[in-house]
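Contents: one structure, followed by commentary.
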Amino acid sequence: MDASGPKLLASASAPARNFWRSAKWCPDGQSILAQQEDSCICLFQLPTFDDSAKRNIVELAPHSTLRAPSPVTSYEWYPFARAEDPGTYCYARGVANSSVELRDGTTGALRASYSIIDHVERFVSPHSLAFSPDGTRLYCGHSHAIDVFSLSSPGATSERVFTSPSKKSREGQKGIISSLAFSPLSPSYLAAGSYSGSIGLYDCSSGLPELVGCLKEGIAAGVSDVAFDPLRHWILYSTSRTTETVDVWDLRNPYDGPFTRLARKGRTNQRLGFSVQASGGGVAFGNKFGSVSIHPLPQPSLPLSTEAVEEEETVEFGEPQSWKAHGDAVGATAFHPSLPLLLTCSGSRHFDSPDGTYESESEEGETARFTPRARDATIKIWDLGVKAT
């Protein structure tokens with residue numbers, strides 16, 4: 001492990017008794033959405049890093065904070081969001097026991113809502129969200145189903161596609177759909193991870209997902225994240241809870257299990273995400289002890305336009321760069337869309353933390369509750385082009 005690592009440019013701490021669950025760059029790279037443990041979503045603006053800023057760590061402060069009435073189960077930027085174009089600057093948010101919301105990126109104001117209703121007229125909150133690559137539809141993953149909304153018709157009933165014929169059926173994809181990802185090179189191709197321990201591959205050419213394959217071999221636990229490689233449409237990444245690898249799949253021969261596994265110490269039920277560089281140059285992820293690793297991947301040796309690529313191209317990762325980035329579990333890493341910057345965030349519940357406190361729920365102290373604390377609850381921005389000195 002490289003003790004120094006990249007240069008730290010900016011940092012922000014979560015409030016007391018709180019921590020950061022995840023963070024995502026806006027597609028234009030000018031702002032960040034970050035989710036806190038207490039159901040708040042904070043918006044940060046990317047600061048200007050001049051020579052002075054690069055010598056000193058910039059303290060980030062939220063531009064706005066939006067608290068949800070119930071736990072936030074998922075959120076996702078609109079794929080064409082740009083701060084300079086207010087009409088596109090928005091994100092979708094799933095909240096427990098409520099409709100899916102389309103929120104203004106600047107003010108947090110509600111723009112539209114989309115309701116997922118179950119068979120007993122209750123709101124269903126999605127565990128995963130994905131906009132179609134053309135920005136016209138919103139896909140919502142929940143238990144045994146994916147609901148599809150047309151963004152132009154808020155309030156309309158969704159089109160529901162069940163991922164399995166029934167709960168007792170062995171066919172299809174079982175369980176809660178925990179993650180959704182479209183292929184950048186094949187926009188109609190959708191991957192869906194499930195907490196039941198499977199990855200469904202769907203064709204969305206008609207607008208509705210149609211299952212064309214289901215990967216189960218070599219998956220030991222519930223899948224928490226999936227992502228396609230942006231330059232190699234046959235490469236899929238996934239990670240599962242309580243496992244210590246990020247799995248890499250070759251979709252040209254997927255049913256034998258992952259063709260390689262990238263090691264990380266992630267044996268925890270907490271969701272620890274990963275990020276694939278937009279240029280296809282590698283994958284980054286953190287572990288439960290605060291270390292971050294970047295596994296570089298060379299550019300394809302053959303032009304992407306040639307048919308020989310799919311048949312002959314092989315994938316070999318280079319020597320990883322690793323460093324101690326946080327003092328707690330790294331919940332998310334995210335490459336900047338265009339700049340050599342990496343976003344990371346940290347925190348987890350520690351019931352054995354010396355900073356934890358007991359709270360009495362009655363004057364007599366008969367009912368006491370221990371409040372866990374995070375050991376390090378920070379968001380950090382790293383300069384991948386400069387090493388720390």
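By convention in this document, the chains of the structure tokens carry letters A, B, ... by their order, each chain's residues are numbered from 1, and ligands are numbered from 1 in the order they are shown.
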Which parts of segment 161-307 of chain A does DSSP call strand (DSSP E) when run on the backbone here, written out as a PDB file with C-alpha atoms, in the first residue's frame?
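File produced: selection_12.pdb:
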ATOM      1  CA  VAL A 161     -42.488  -5.982 -15.057  1.00  0.00           C
ATOM      2  CA  PHE A 162     -42.178  -8.847 -12.599  1.00  0.00           C
ATOM      3  CA  ILE A 177     -33.701  -5.434  -7.086  1.00  0.00           C
ATOM      4  CA  SER A 178     -30.900  -3.578  -5.320  1.00  0.00           C
ATOM      5  CA  SER A 179     -29.090  -1.945  -8.240  1.00  0.00           C
ATOM      6  CA  LEU A 180     -29.704  -1.005 -11.863  1.00  0.00           C
ATOM      7  CA  ALA A 181     -27.219   0.005 -14.571  1.00  0.00           C
ATOM      8  CA  PHE A 182     -27.537   0.648 -18.304  1.00  0.00           C
ATOM      9  CA  TYR A 189     -29.056  -3.303 -22.234  1.00  0.00           C
ATOM     10  CA  LEU A 190     -29.866  -3.198 -18.495  1.00  0.00           C
ATOM     11  CA  ALA A 191     -28.184  -5.086 -15.643  1.00  0.00           C
ATOM     12  CA  ALA A 192     -30.049  -5.576 -12.374  1.00  0.00           C
ATOM     13  CA  GLY A 193     -28.507  -6.854  -9.140  1.00  0.00           C
ATOM     14  CA  SER A 194     -30.656  -8.616  -6.564  1.00  0.00           C
ATOM     15  CA  SER A 198     -28.223 -12.875  -8.811  1.00  0.00           C
ATOM     16  CA  ILE A 199     -27.662 -10.465 -11.711  1.00  0.00           C
ATOM     17  CA  GLY A 200     -30.382 -10.173 -14.315  1.00  0.00           C
ATOM     18  CA  LEU A 201     -29.588  -9.048 -17.866  1.00  0.00           C
ATOM     19  CA  TYR A 202     -32.503  -7.297 -19.567  1.00  0.00           C
ATOM     20  CA  ASP A 203     -33.269  -6.018 -23.043  1.00  0.00           C
ATOM     21  CA  GLU A 210     -37.248  -8.317 -20.869  1.00  0.00           C
ATOM     22  CA  LEU A 211     -35.073 -10.862 -19.097  1.00  0.00           C
ATOM     23  CA  VAL A 212     -32.530 -12.448 -21.438  1.00  0.00           C
ATOM     24  CA  GLY A 213     -30.143 -13.987 -18.909  1.00  0.00           C
ATOM     25  CA  CYS A 214     -29.629 -14.460 -15.184  1.00  0.00           C
ATOM     26  CA  LEU A 215     -26.191 -14.865 -13.579  1.00  0.00           C
ATOM     27  CA  VAL A 223     -25.602  -8.207  -4.977  1.00  0.00           C
ATOM     28  CA  SER A 224     -25.448  -4.552  -3.920  1.00  0.00           C
ATOM     29  CA  ASP A 225     -23.996  -2.800  -7.009  1.00  0.00           C
ATOM     30  CA  VAL A 226     -23.526  -3.432 -10.728  1.00  0.00           C
ATOM     31  CA  ALA A 227     -21.916  -1.361 -13.508  1.00  0.00           C
ATOM     32  CA  PHE A 228     -20.856  -1.861 -17.123  1.00  0.00           C
ATOM     33  CA  ILE A 235     -17.461  -6.432 -19.185  1.00  0.00           C
ATOM     34  CA  LEU A 236     -19.706  -6.116 -16.113  1.00  0.00           C
ATOM     35  CA  TYR A 237     -18.645  -5.302 -12.548  1.00  0.00           C
ATOM     36  CA  SER A 238     -20.545  -6.304  -9.425  1.00  0.00           C
ATOM     37  CA  THR A 239     -20.107  -6.457  -5.691  1.00  0.00           C
ATOM     38  CA  SER A 240     -22.016  -8.240  -2.949  1.00  0.00           C
ATOM     39  CA  THR A 245     -14.149  -8.975  -3.745  1.00  0.00           C
ATOM     40  CA  VAL A 246     -15.390  -6.848  -6.604  1.00  0.00           C
ATOM     41  CA  ASP A 247     -16.330  -9.361  -9.300  1.00  0.00           C
ATOM     42  CA  VAL A 248     -15.593  -8.835 -13.005  1.00  0.00           C
ATOM     43  CA  TRP A 249     -17.765 -10.690 -15.516  1.00  0.00           C
ATOM     44  CA  ASP A 250     -17.091 -11.448 -19.169  1.00  0.00           C
ATOM     45  CA  THR A 260     -11.541 -12.367 -12.157  1.00  0.00           C
ATOM     46  CA  ARG A 261     -12.085 -10.981  -8.677  1.00  0.00           C
ATOM     47  CA  LEU A 262     -10.507  -7.811  -7.296  1.00  0.00           C
ATOM     48  CA  ALA A 263      -9.734  -8.259  -3.602  1.00  0.00           C
ATOM     49  CA  PHE A 274     -17.326   1.119  -6.417  1.00  0.00           C
ATOM     50  CA  SER A 275     -16.755   3.351  -9.442  1.00  0.00           C
ATOM     51  CA  VAL A 276     -15.693   2.683 -13.034  1.00  0.00           C
ATOM     52  CA  GLY A 282      -9.956   1.370 -14.251  1.00  0.00           C
ATOM     53  CA  VAL A 283     -12.143   0.729 -11.228  1.00  0.00           C
ATOM     54  CA  ALA A 284     -11.920   2.231  -7.734  1.00  0.00           C
ATOM     55  CA  PHE A 285     -13.373   1.041  -4.430  1.00  0.00           C
ATOM     56  CA  GLY A 286     -12.811   1.287  -0.706  1.00  0.00           C
ATOM     57  CA  SER A 291      -8.393   2.098   2.443  1.00  0.00           C
ATOM     58  CA  VAL A 292      -9.097   2.938  -1.211  1.00  0.00           C
ATOM     59  CA  SER A 293      -7.724   1.042  -4.213  1.00  0.00           C
ATOM     60  CA  ILE A 294      -7.640   1.928  -7.897  1.00  0.00           C
ATOM     61  CA  HIS A 295      -7.132  -0.977 -10.293  1.00  0.00           C
ATOM     62  CA  PRO A 296      -5.938   0.416 -13.653  1.00  0.00           C
TER      63      PRO A 296
END
**Q.** Shell around Gly87 of chain A at 12 Å using only C-alpha atoms, local window under 3 positions removed, as a ChimeraX atom specification
**A.** /A:78,80-84,90-91,102-106,111
Would you output that residue set with N, CA, C and O atoms, as a PDB file, in the first residue's frame?
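Okay, result32.pdb is ready:
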ATOM      1  N   TYR A  78     -30.364  13.000 -12.864  1.00  0.00           N
ATOM      2  CA  TYR A  78     -30.854  12.945 -14.240  1.00  0.00           C
ATOM      3  C   TYR A  78     -29.641  12.885 -15.160  1.00  0.00           C
ATOM      4  O   TYR A  78     -28.656  13.602 -14.949  1.00  0.00           O
ATOM      5  N   PHE A  80     -28.702  14.016 -17.963  1.00  0.00           N
ATOM      6  CA  PHE A  80     -28.258  15.206 -18.681  1.00  0.00           C
ATOM      7  C   PHE A  80     -28.230  16.433 -17.773  1.00  0.00           C
ATOM      8  O   PHE A  80     -28.269  17.572 -18.256  1.00  0.00           O
ATOM      9  N   ALA A  81     -28.158  16.205 -16.466  1.00  0.00           N
ATOM     10  CA  ALA A  81     -28.180  17.314 -15.518  1.00  0.00           C
ATOM     11  C   ALA A  81     -26.978  18.233 -15.701  1.00  0.00           C
ATOM     12  O   ALA A  81     -25.835  17.770 -15.735  1.00  0.00           O
ATOM     13  N   ARG A  82     -27.257  19.518 -15.824  1.00  0.00           N
ATOM     14  CA  ARG A  82     -26.206  20.546 -15.906  1.00  0.00           C
ATOM     15  C   ARG A  82     -26.662  21.747 -15.101  1.00  0.00           C
ATOM     16  O   ARG A  82     -27.792  22.225 -15.265  1.00  0.00           O
ATOM     17  N   ALA A  83     -25.787  22.248 -14.241  1.00  0.00           N
ATOM     18  CA  ALA A  83     -26.136  23.406 -13.424  1.00  0.00           C
ATOM     19  C   ALA A  83     -26.445  24.624 -14.281  1.00  0.00           C
ATOM     20  O   ALA A  83     -27.247  25.477 -13.889  1.00  0.00           O
ATOM     21  N   GLU A  84     -25.842  24.719 -15.460  1.00  0.00           N
ATOM     22  CA  GLU A  84     -26.069  25.858 -16.340  1.00  0.00           C
ATOM     23  C   GLU A  84     -27.420  25.774 -17.044  1.00  0.00           C
ATOM     24  O   GLU A  84     -27.859  26.761 -17.643  1.00  0.00           O
ATOM     25  N   CYS A  90     -31.695  18.215 -12.028  1.00  0.00           N
ATOM     26  CA  CYS A  90     -32.609  17.568 -11.095  1.00  0.00           C
ATOM     27  C   CYS A  90     -32.153  16.141 -10.827  1.00  0.00           C
ATOM     28  O   CYS A  90     -31.261  15.618 -11.505  1.00  0.00           O
ATOM     29  N   TYR A  91     -32.778  15.528  -9.849  1.00  0.00           N
ATOM     30  CA  TYR A  91     -32.466  14.142  -9.509  1.00  0.00           C
ATOM     31  C   TYR A  91     -33.720  13.458  -8.988  1.00  0.00           C
ATOM     32  O   TYR A  91     -34.680  14.098  -8.539  1.00  0.00           O
ATOM     33  N   LEU A 102     -39.068  13.606  -8.128  1.00  0.00           N
ATOM     34  CA  LEU A 102     -38.105  14.287  -8.985  1.00  0.00           C
ATOM     35  C   LEU A 102     -37.875  15.650  -8.362  1.00  0.00           C
ATOM     36  O   LEU A 102     -38.794  16.476  -8.285  1.00  0.00           O
ATOM     37  N   ARG A 103     -36.661  15.894  -7.887  1.00  0.00           N
ATOM     38  CA  ARG A 103     -36.342  17.090  -7.119  1.00  0.00           C
ATOM     39  C   ARG A 103     -35.423  18.028  -7.891  1.00  0.00           C
ATOM     40  O   ARG A 103     -34.531  17.591  -8.626  1.00  0.00           O
ATOM     41  N   ASP A 104     -35.647  19.337  -7.709  1.00  0.00           N
ATOM     42  CA  ASP A 104     -34.779  20.345  -8.302  1.00  0.00           C
ATOM     43  C   ASP A 104     -33.403  20.274  -7.656  1.00  0.00           C
ATOM     44  O   ASP A 104     -33.284  20.220  -6.425  1.00  0.00           O
ATOM     45  N   GLY A 105     -32.354  20.286  -8.485  1.00  0.00           N
ATOM     46  CA  GLY A 105     -31.010  20.134  -7.944  1.00  0.00           C
ATOM     47  C   GLY A 105     -30.559  21.295  -7.101  1.00  0.00           C
ATOM     48  O   GLY A 105     -29.793  21.117  -6.154  1.00  0.00           O
ATOM     49  N   THR A 106     -31.010  22.504  -7.391  1.00  0.00           N
ATOM     50  CA  THR A 106     -30.566  23.687  -6.667  1.00  0.00           C
ATOM     51  C   THR A 106     -31.360  23.916  -5.392  1.00  0.00           C
ATOM     52  O   THR A 106     -30.792  24.088  -4.311  1.00  0.00           O
ATOM     53  N   ARG A 111     -40.496  18.647  -8.233  1.00  0.00           N
ATOM     54  CA  ARG A 111     -40.912  18.902  -9.604  1.00  0.00           C
ATOM     55  C   ARG A 111     -42.014  17.946 -10.058  1.00  0.00           C
ATOM     56  O   ARG A 111     -42.912  18.333 -10.800  1.00  0.00           O
TER      57      ARG A 111
END
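You will find atom CA of Asp229 of chain A at 6.3 Å from atom CA of Gly280 of chain A.
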(Q) Would you pick out the contacts of Val95 of chain A at 12 Å or less, using only C-alpha atoms, so that residues sharing its chain but fewer than 6 positions from it are not included, and give the list as a ChimeraX atom specification? (A) /A:39-41,67-75,101-102,113-116,123-129
Could the residues in this selection be saved with N, CA and C atoms as a PDB file, in the first residue's frame?
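New file out_0.pdb:
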ATOM      1  N   SER A  39     -31.147  10.445   6.703  1.00  0.00           N
ATOM      2  CA  SER A  39     -32.136  10.660   5.627  1.00  0.00           C
ATOM      3  C   SER A  39     -32.049  12.048   4.997  1.00  0.00           C
ATOM      4  N   CYS A  40     -30.920  12.715   5.123  1.00  0.00           N
ATOM      5  CA  CYS A  40     -30.696  13.986   4.444  1.00  0.00           C
ATOM      6  C   CYS A  40     -29.875  13.760   3.178  1.00  0.00           C
ATOM      7  N   ILE A  41     -30.183  14.540   2.138  1.00  0.00           N
ATOM      8  CA  ILE A  41     -29.354  14.576   0.948  1.00  0.00           C
ATOM      9  C   ILE A  41     -28.786  15.989   0.831  1.00  0.00           C
ATOM     10  N   ARG A  67     -34.011  17.199   3.880  1.00  0.00           N
ATOM     11  CA  ARG A  67     -34.312  16.071   4.759  1.00  0.00           C
ATOM     12  C   ARG A  67     -35.579  15.364   4.284  1.00  0.00           C
ATOM     13  N   ALA A  68     -35.560  14.047   4.293  1.00  0.00           N
ATOM     14  CA  ALA A  68     -36.725  13.257   3.909  1.00  0.00           C
ATOM     15  C   ALA A  68     -37.498  12.854   5.161  1.00  0.00           C
ATOM     16  N   PRO A  69     -38.817  12.681   5.046  1.00  0.00           N
ATOM     17  CA  PRO A  69     -39.609  12.278   6.219  1.00  0.00           C
ATOM     18  C   PRO A  69     -39.373  10.834   6.643  1.00  0.00           C
ATOM     19  N   SER A  70     -38.831  10.034   5.739  1.00  0.00           N
ATOM     20  CA  SER A  70     -38.540   8.624   6.008  1.00  0.00           C
ATOM     21  C   SER A  70     -37.180   8.297   5.407  1.00  0.00           C
ATOM     22  N   PRO A  71     -36.635   7.126   5.678  1.00  0.00           N
ATOM     23  CA  PRO A  71     -35.325   6.774   5.125  1.00  0.00           C
ATOM     24  C   PRO A  71     -35.278   6.876   3.600  1.00  0.00           C
ATOM     25  N   VAL A  72     -34.176   7.412   3.087  1.00  0.00           N
ATOM     26  CA  VAL A  72     -33.945   7.482   1.645  1.00  0.00           C
ATOM     27  C   VAL A  72     -33.435   6.127   1.186  1.00  0.00           C
ATOM     28  N   THR A  73     -34.155   5.504   0.272  1.00  0.00           N
ATOM     29  CA  THR A  73     -33.783   4.169  -0.184  1.00  0.00           C
ATOM     30  C   THR A  73     -32.947   4.187  -1.457  1.00  0.00           C
ATOM     31  N   SER A  74     -32.999   5.294  -2.224  1.00  0.00           N
ATOM     32  CA  SER A  74     -32.238   5.391  -3.467  1.00  0.00           C
ATOM     33  C   SER A  74     -32.312   6.825  -3.978  1.00  0.00           C
ATOM     34  N   TYR A  75     -31.346   7.204  -4.801  1.00  0.00           N
ATOM     35  CA  TYR A  75     -31.379   8.500  -5.476  1.00  0.00           C
ATOM     36  C   TYR A  75     -30.474   8.423  -6.694  1.00  0.00           C
ATOM     37  N   GLU A 101     -39.727  10.767  -6.082  1.00  0.00           N
ATOM     38  CA  GLU A 101     -39.776  12.216  -6.291  1.00  0.00           C
ATOM     39  C   GLU A 101     -38.716  12.659  -7.289  1.00  0.00           C
ATOM     40  N   LEU A 102     -39.068  13.606  -8.128  1.00  0.00           N
ATOM     41  CA  LEU A 102     -38.105  14.287  -8.985  1.00  0.00           C
ATOM     42  C   LEU A 102     -37.875  15.650  -8.362  1.00  0.00           C
ATOM     43  N   SER A 113     -43.844  13.691  -9.114  1.00  0.00           N
ATOM     44  CA  SER A 113     -43.817  12.483  -8.300  1.00  0.00           C
ATOM     45  C   SER A 113     -44.378  11.317  -9.111  1.00  0.00           C
ATOM     46  N   TYR A 114     -43.882  10.138  -8.783  1.00  0.00           N
ATOM     47  CA  TYR A 114     -44.254   8.916  -9.505  1.00  0.00           C
ATOM     48  C   TYR A 114     -44.511   7.836  -8.451  1.00  0.00           C
ATOM     49  N   SER A 115     -45.726   7.341  -8.402  1.00  0.00           N
ATOM     50  CA  SER A 115     -46.138   6.446  -7.318  1.00  0.00           C
ATOM     51  C   SER A 115     -46.093   4.980  -7.740  1.00  0.00           C
ATOM     52  N   ILE A 116     -45.400   4.190  -6.929  1.00  0.00           N
ATOM     53  CA  ILE A 116     -45.408   2.733  -7.068  1.00  0.00           C
ATOM     54  C   ILE A 116     -46.366   2.208  -6.001  1.00  0.00           C
ATOM     55  N   PHE A 123     -47.755   2.537  -0.711  1.00  0.00           N
ATOM     56  CA  PHE A 123     -46.611   3.024  -1.477  1.00  0.00           C
ATOM     57  C   PHE A 123     -45.445   2.040  -1.342  1.00  0.00           C
ATOM     58  N   VAL A 124     -44.774   1.817  -2.448  1.00  0.00           N
ATOM     59  CA  VAL A 124     -43.566   0.982  -2.462  1.00  0.00           C
ATOM     60  C   VAL A 124     -42.395   1.882  -2.799  1.00  0.00           C
ATOM     61  N   SER A 125     -41.366   1.806  -1.978  1.00  0.00           N
ATOM     62  CA  SER A 125     -40.201   2.640  -2.253  1.00  0.00           C
ATOM     63  C   SER A 125     -39.125   1.818  -2.954  1.00  0.00           C
ATOM     64  N   PRO A 126     -38.543   2.351  -4.040  1.00  0.00           N
ATOM     65  CA  PRO A 126     -37.554   1.579  -4.815  1.00  0.00           C
ATOM     66  C   PRO A 126     -36.213   1.499  -4.108  1.00  0.00           C
ATOM     67  N   HIS A 127     -35.588   0.346  -4.195  1.00  0.00           N
ATOM     68  CA  HIS A 127     -34.229   0.173  -3.661  1.00  0.00           C
ATOM     69  C   HIS A 127     -33.171   0.567  -4.690  1.00  0.00           C
ATOM     70  N   SER A 128     -33.585   0.795  -5.921  1.00  0.00           N
ATOM     71  CA  SER A 128     -32.645   1.200  -6.972  1.00  0.00           C
ATOM     72  C   SER A 128     -33.385   2.028  -8.007  1.00  0.00           C
ATOM     73  N   LEU A 129     -32.659   2.952  -8.618  1.00  0.00           N
ATOM     74  CA  LEU A 129     -33.212   3.836  -9.644  1.00  0.00           C
ATOM     75  C   LEU A 129     -32.239   3.922 -10.808  1.00  0.00           C
TER      76      LEU A 129
END
**Q.** Non-local contacts of segment 132-139 of chain A (8 Å; only C-alpha atoms; under 3 positions in same chain excluded) as number ranges by chain
**A.** A: 78-80, 129, 146-152, 182, 184, 187
Write out the residues from the selection above, keeping C-alpha atoms, as a PDB file, in the first residue's frame.
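See part05.pdb below for the written result:
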ATOM      1  CA  TYR A  78     -30.854  12.945 -14.240  1.00  0.00           C
ATOM      2  CA  PRO A  79     -28.381  11.794 -16.947  1.00  0.00           C
ATOM      3  CA  PHE A  80     -28.258  15.206 -18.681  1.00  0.00           C
ATOM      4  CA  LEU A 129     -33.212   3.836  -9.644  1.00  0.00           C
ATOM      5  CA  ILE A 146     -39.055  -3.278 -11.981  1.00  0.00           C
ATOM      6  CA  ASP A 147     -41.508  -0.404 -12.487  1.00  0.00           C
ATOM      7  CA  VAL A 148     -41.074   1.925 -15.467  1.00  0.00           C
ATOM      8  CA  PHE A 149     -42.347   5.514 -15.594  1.00  0.00           C
ATOM      9  CA  SER A 150     -42.477   7.960 -18.464  1.00  0.00           C
ATOM     10  CA  LEU A 151     -40.933  11.173 -17.095  1.00  0.00           C
ATOM     11  CA  SER A 152     -43.306  13.248 -19.197  1.00  0.00           C
ATOM     12  CA  PHE A 182     -27.537   0.648 -18.304  1.00  0.00           C
ATOM     13  CA  PRO A 184     -23.081   3.079 -22.077  1.00  0.00           C
ATOM     14  CA  PRO A 187     -28.252   1.708 -24.350  1.00  0.00           C
TER      15      PRO A 187
END
Q: Find the residues near Ala145 of chain A: any atom within 9 Å, counting only C-alpha atoms, skip ones fewer than 2 places away on the same chain, and give them as a ChimeraX atom specification.
A: /A:140-143,147,160-164,173-177
Q. Can you tell me, as a ChimeraX atom specification, what residues are no more than 6 Å from Gly347 of chain A when counting only C-alpha atoms, ignoring any on the same chain fewer than 5 positions away?
A. /A:19-20,328-329,374,376-377
Can you write out the residues you just picked, keeping N, CA, C and O atoms, as a PDB file, in the first residue's frame?
ATOM      1  N   PHE A  19     -23.204  10.087   9.535  1.00  0.00           N
ATOM      2  CA  PHE A  19     -22.112   9.768   8.620  1.00  0.00           C
ATOM      3  C   PHE A  19     -22.664   9.724   7.208  1.00  0.00           C
ATOM      4  O   PHE A  19     -23.870   9.816   6.967  1.00  0.00           O
ATOM      5  N   TRP A  20     -21.745   9.622   6.250  1.00  0.00           N
ATOM      6  CA  TRP A  20     -22.112   9.636   4.833  1.00  0.00           C
ATOM      7  C   TRP A  20     -22.283   8.212   4.327  1.00  0.00           C
ATOM      8  O   TRP A  20     -21.387   7.385   4.466  1.00  0.00           O
ATOM      9  N   ASP A 328     -12.562   4.971   8.612  1.00  0.00           N
ATOM     10  CA  ASP A 328     -13.766   4.162   8.770  1.00  0.00           C
ATOM     11  C   ASP A 328     -14.125   3.565   7.410  1.00  0.00           C
ATOM     12  O   ASP A 328     -13.443   3.819   6.416  1.00  0.00           O
ATOM     13  N   ALA A 329     -15.201   2.806   7.364  1.00  0.00           N
ATOM     14  CA  ALA A 329     -15.613   2.153   6.125  1.00  0.00           C
ATOM     15  C   ALA A 329     -15.882   3.176   5.024  1.00  0.00           C
ATOM     16  O   ALA A 329     -16.490   4.220   5.270  1.00  0.00           O
ATOM     17  N   ALA A 374     -19.797   7.133  14.384  1.00  0.00           N
ATOM     18  CA  ALA A 374     -18.849   6.805  13.311  1.00  0.00           C
ATOM     19  C   ALA A 374     -17.457   7.263  13.742  1.00  0.00           C
ATOM     20  O   ALA A 374     -17.303   8.273  14.427  1.00  0.00           O
ATOM     21  N   ASP A 376     -15.015   7.966  11.539  1.00  0.00           N
ATOM     22  CA  ASP A 376     -14.606   8.975  10.556  1.00  0.00           C
ATOM     23  C   ASP A 376     -15.773   9.161   9.598  1.00  0.00           C
ATOM     24  O   ASP A 376     -16.126   8.243   8.861  1.00  0.00           O
ATOM     25  N   ALA A 377     -16.396  10.323   9.634  1.00  0.00           N
ATOM     26  CA  ALA A 377     -17.555  10.604   8.784  1.00  0.00           C
ATOM     27  C   ALA A 377     -17.230  11.802   7.898  1.00  0.00           C
ATOM     28  O   ALA A 377     -17.610  12.936   8.193  1.00  0.00           O
TER      29      ALA A 377
END
Q) Residues at most 7 Å from Ala334 of chain A, counting only C-alpha atoms, excluding those fewer than 6 positions away in the same chain, as a ChimeraX atom specification? A) /A:24,275,342-344
With N, CA, C and O atoms retained, could you export that selection as a short mmCIF file (atom, residue, chain, number, x, y, z; two decimals), in the first residue's frame?
data_model
loop_
_atom_site.label_atom_id
_atom_site.label_comp_id
_atom_site.auth_asym_id
_atom_site.auth_seq_id
_atom_site.Cartn_x
_atom_site.Cartn_y
_atom_site.Cartn_z
N LYS A 24 -22.44 11.07 -5.10
CA LYS A 24 -22.42 10.92 -6.56
C LYS A 24 -22.16 12.27 -7.23
O LYS A 24 -22.74 13.28 -6.83
N SER A 275 -16.58 2.42 -8.32
CA SER A 275 -16.76 3.35 -9.44
C SER A 275 -15.88 2.90 -10.60
O SER A 275 -14.72 2.50 -10.40
N LEU A 342 -11.10 12.05 -7.65
CA LEU A 342 -11.83 10.92 -7.07
C LEU A 342 -12.54 11.40 -5.82
O LEU A 342 -11.96 12.06 -4.96
N LEU A 343 -13.82 11.07 -5.73
CA LEU A 343 -14.66 11.40 -4.58
C LEU A 343 -14.81 10.17 -3.70
O LEU A 343 -15.10 9.08 -4.20
N THR A 344 -14.64 10.33 -2.40
CA THR A 344 -14.84 9.22 -1.47
C THR A 344 -15.63 9.72 -0.26
O THR A 344 -15.61 10.91 0.07
#
Q: Please indicate the distance in Å from atom CA of Pro254 of chain A to atom CA of Pro165 of chain A, rounded to one decimal place.
A: 23.2 Å
Q. How many Å lie between atom CA of Arg241 of chain A and atom CA of Val330 of chain A, rounded to one decimal?
A.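 These atoms are spaced 13.5 Å apart.
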Q) Pick the closest to Glu76 of chain A from A:Gln35, A:Ser99, A:Thr268, A:Gln277: which is it, counting only C-alpha atoms? A)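 So, comparing all the options, the nearest one is A:Gln35.
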Q: Select, from A:Phe289, A:Trp382, A:Trp77, A:Trp25, the residue with the minimum atom-to-atom distance to Lys265 of chain A, counting only C-alpha atoms.
A: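 Using only C-alpha atoms, Lys265 of chain A sits closest to A:Phe289.
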For the structure I just gave you, how does DSSP split segment 183-382 of chain A - specifically, which residues are alpha helix (DSSP H)? Reply as an mmCIF file with C-alpha atoms, in the first residue's frame.
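Final output, saved to selection20.cif:
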data_model
loop_
_atom_site.group_PDB
_atom_site.id
_atom_site.type_symbol
_atom_site.label_atom_id
_atom_site.label_comp_id
_atom_site.auth_asym_id
_atom_site.auth_seq_id
_atom_site.Cartn_x
_atom_site.Cartn_y
_atom_site.Cartn_z
ATOM 1 C CA ALA A 308 -12.562 -8.490 -33.749
ATOM 2 C CA VAL A 309 -12.675 -6.612 -30.441
ATOM 3 C CA GLU A 310 -15.473 -8.715 -29.015
ATOM 4 C CA GLU A 311 -13.790 -11.955 -30.028
ATOM 5 C CA GLU A 312 -10.137 -11.232 -29.257
#
